[in-house]
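One structure is given here, and the rest of the page talks about it.
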Amino acid sequence: MLVPPLQCLLLNWVDPPVTGTMLQRTLENGWDHGDWSLPAYQWASLETLPRSLPTAAMSSEDRSFLHHDGFDWVAIRRAWDRYRNRPGGRLVGGSTISQQVARNVFLAQHRSWLRKGLEAWYTVWLELLVPKRRILEVYLNVAEMGPMVFGAEAAARHWFSRPAKDLTFPQCASLIGLLPSPRRWTPKTPHVQRRAAWILRSPVAFPKKLMPDS
């Protein structure tokens, strides 16, 4: 079981050239459409991204990100209660940004108890070995934000025809609002617009010490 801690340790210095989820989408797209090209993906350091982007991500996906140990136990309990009260349903919700990074980078998107167990194991090591700032940077670069589109830089160019550094706060909120269904939704989808409006109304403060002014 030395592989996960070594992978997490390397994440401090190595920007992932490709992720498990990207490979999964490439295989799916190849089998369905005959196109085996890798998804659109371009790394952007946290300093070059607008501060409103990590603000929107934390506001929507993980409001306690800066304070938890990788797991939001209140959200996990709510997700478990919904699962128990809906026989035959799926266990969804409750994932923190750290858990999403573990799943997106090192694993794949299929649902199973084995994957959830591996995701938790990777999350423990991420929180032990990787600073919050770096976890957030990786998340904004590897999150799926469109059909065969990964990360804020590629998504900004795909949806708004501009680099990520030029995104406005409403546009940042719309990108984050695409989650968790970026392959079905667009920034103009009504549900995404409602999510974006909620993000704009209740943003989480992002500490200056984690991201110098660009």
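Just remember, in the structure tokens the first chain shown is A, the second B, etc., residues are 1-based per chain, and ligands are 1-based in the order shown.
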Please, which residues in range 128-196 of chain A fall within 9 Å of range 22-30 of chain A when counting only C-alpha atoms, and what is the closest atom pair and distance in Å to one decimal for each, ordered by chain then residue number, as JSON lines?
{"residue": "A:Val142", "atom": "CA", "partner": "A:Met22", "partner_atom": "CA", "distance": 8.5}
{"residue": "A:Glu144", "atom": "CA", "partner": "A:Met22", "partner_atom": "CA", "distance": 8.5}
{"residue": "A:Pro147", "atom": "CA", "partner": "A:Arg25", "partner_atom": "CA", "distance": 8.9}
{"residue": "A:Met148", "atom": "CA", "partner": "A:Arg25", "partner_atom": "CA", "distance": 6.9}
{"residue": "A:Val149", "atom": "CA", "partner": "A:Met22", "partner_atom": "CA", "distance": 8.9}
{"residue": "A:Phe150", "atom": "CA", "partner": "A:Met22", "partner_atom": "CA", "distance": 7.8}
Go ahead and save the residues from that selection, with N, CA and C atoms, as an mmCIF file, in the first residue's frame.
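Result written to selection-v8.cif:
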data_model
loop_
_atom_site.group_PDB
_atom_site.id
_atom_site.type_symbol
_atom_site.label_atom_id
_atom_site.label_comp_id
_atom_site.auth_asym_id
_atom_site.auth_seq_id
_atom_site.Cartn_x
_atom_site.Cartn_y
_atom_site.Cartn_z
ATOM 1 N N VAL A 142 -8.138 19.698 -12.889
ATOM 2 C CA VAL A 142 -8.506 18.358 -13.362
ATOM 3 C C VAL A 142 -10.007 18.088 -13.316
ATOM 4 N N GLU A 144 -13.757 17.841 -14.305
ATOM 5 C CA GLU A 144 -14.428 17.733 -15.601
ATOM 6 C C GLU A 144 -15.427 18.872 -15.732
ATOM 7 N N PRO A 147 -17.963 18.244 -22.031
ATOM 8 C CA PRO A 147 -17.699 17.004 -22.762
ATOM 9 C C PRO A 147 -16.258 16.974 -23.270
ATOM 10 N N MET A 148 -15.445 16.081 -22.717
ATOM 11 C CA MET A 148 -14.040 15.961 -23.088
ATOM 12 C C MET A 148 -13.275 17.257 -22.810
ATOM 13 N N VAL A 149 -13.661 17.942 -21.754
ATOM 14 C CA VAL A 149 -13.020 19.197 -21.347
ATOM 15 C C VAL A 149 -12.704 19.113 -19.857
ATOM 16 N N PHE A 150 -11.431 19.334 -19.518
ATOM 17 C CA PHE A 150 -11.003 19.218 -18.131
ATOM 18 C C PHE A 150 -10.235 20.461 -17.698
#
Discussion item. When you look at Pro163 in chain A with a cut-off of 10 Å (counting only C-alpha atoms), what residues show up, excluding the ones that are within fewer than 6 positions of it in the same chain? I need them as JSON, numbers by chain.
Written reply: {"A": [44, 48, 49, 152, 153, 154, 155, 156, 157]}
Output for the residues just chosen: C-alpha atoms as a compact mmCIF listing (two decimals), in the first residue's frame:
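Wrote it out as out.txt, contents follow:
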# COMPACT_ATOMS: atom_id res chain seq x y z
CA ALA A 44 -2.92 26.85 -15.13
CA THR A 48 -2.82 32.88 -12.88
CA LEU A 49 -6.45 32.03 -12.12
CA ALA A 152 -10.67 25.75 -15.75
CA GLU A 153 -8.30 26.83 -18.54
CA ALA A 154 -9.70 24.47 -21.16
CA ALA A 155 -13.27 25.10 -19.95
CA ALA A 156 -12.88 28.90 -20.13
CA ARG A 157 -11.74 28.62 -23.74
Please run DSSP on the backbone and report, as a PDB file with N, CA and C atoms, in the first residue's frame, all residues within range 37-214 of chain A that come out as strand (DSSP E or B).
ATOM      1  N   ALA A  40      -9.507  17.934 -23.964  1.00  0.00           N
ATOM      2  CA  ALA A  40      -8.905  19.261 -23.876  1.00  0.00           C
ATOM      3  C   ALA A  40      -8.481  19.508 -22.426  1.00  0.00           C
ATOM      4  N   TYR A  41      -7.213  19.902 -22.243  1.00  0.00           N
ATOM      5  CA  TYR A  41      -6.663  20.011 -20.887  1.00  0.00           C
ATOM      6  C   TYR A  41      -5.414  20.873 -20.957  1.00  0.00           C
ATOM      7  N   GLU A 144     -13.757  17.841 -14.305  1.00  0.00           N
ATOM      8  CA  GLU A 144     -14.428  17.733 -15.601  1.00  0.00           C
ATOM      9  C   GLU A 144     -15.427  18.872 -15.732  1.00  0.00           C
ATOM     10  N   MET A 145     -15.268  19.708 -16.763  1.00  0.00           N
ATOM     11  CA  MET A 145     -16.095  20.911 -16.910  1.00  0.00           C
ATOM     12  C   MET A 145     -16.749  21.014 -18.276  1.00  0.00           C
ATOM     13  N   GLY A 146     -16.920  19.887 -18.928  1.00  0.00           N
ATOM     14  CA  GLY A 146     -17.567  19.860 -20.228  1.00  0.00           C
ATOM     15  C   GLY A 146     -17.299  18.533 -20.902  1.00  0.00           C
ATOM     16  N   VAL A 149     -13.661  17.942 -21.754  1.00  0.00           N
ATOM     17  CA  VAL A 149     -13.020  19.197 -21.347  1.00  0.00           C
ATOM     18  C   VAL A 149     -12.704  19.113 -19.857  1.00  0.00           C
ATOM     19  N   PHE A 150     -11.431  19.334 -19.518  1.00  0.00           N
ATOM     20  CA  PHE A 150     -11.003  19.218 -18.131  1.00  0.00           C
ATOM     21  C   PHE A 150     -10.235  20.461 -17.698  1.00  0.00           C
TER      22      PHE A 150
END
Worksheet item: So, counting only C-alpha atoms, which residue among A:Ser60, A:Ser95, A:Asn12, A:Gln7 is closest to Pro203 in chain A?
Response: A:Ser60
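Between CA of Leu10 in chain A and CA of Glu119 in chain A the interatomic distance comes to 17.2 Å.
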Worksheet item: Taking into account only C-alpha atoms, which residue in the set A:Ala164, A:Val130, A:Leu179, A:Leu200 is nearest to Leu46 in chain A?
Response: A:Ala164
Worksheet item: Of the candidates A:Leu9, A:Cys172, A:Ile97, A:Ala196, which shows the shortest atom-to-atom distance to Val138 in chain A, using only C-alpha atoms?
Response: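 The shortest atom-to-atom distance to Val138 in chain A comes from A:Ile97.
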Worksheet entry | DSSP alpha helix (DSSP H) selection over range 8-39 of chain A, as a list in words |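 Of range 8-39 of chain A, the ones in alpha helix (DSSP H) are Cys8, Leu9, Leu10, Gly20, Thr21, Met22, Leu23, Gln24, Arg25, Thr26, Leu27, Glu28, Asn29, Gly30, Trp31, Asp32 and His33 of chain A.
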Discussion item. Taking 2 positions as the minimum chain separation for residues in the same chain, which residues sit within 8 Å of Thr123 in chain A when counting only C-alpha atoms? Answer as a PyMOL selection string.
Written reply: chain A and resi 70+98-99+102+119-121+125-127
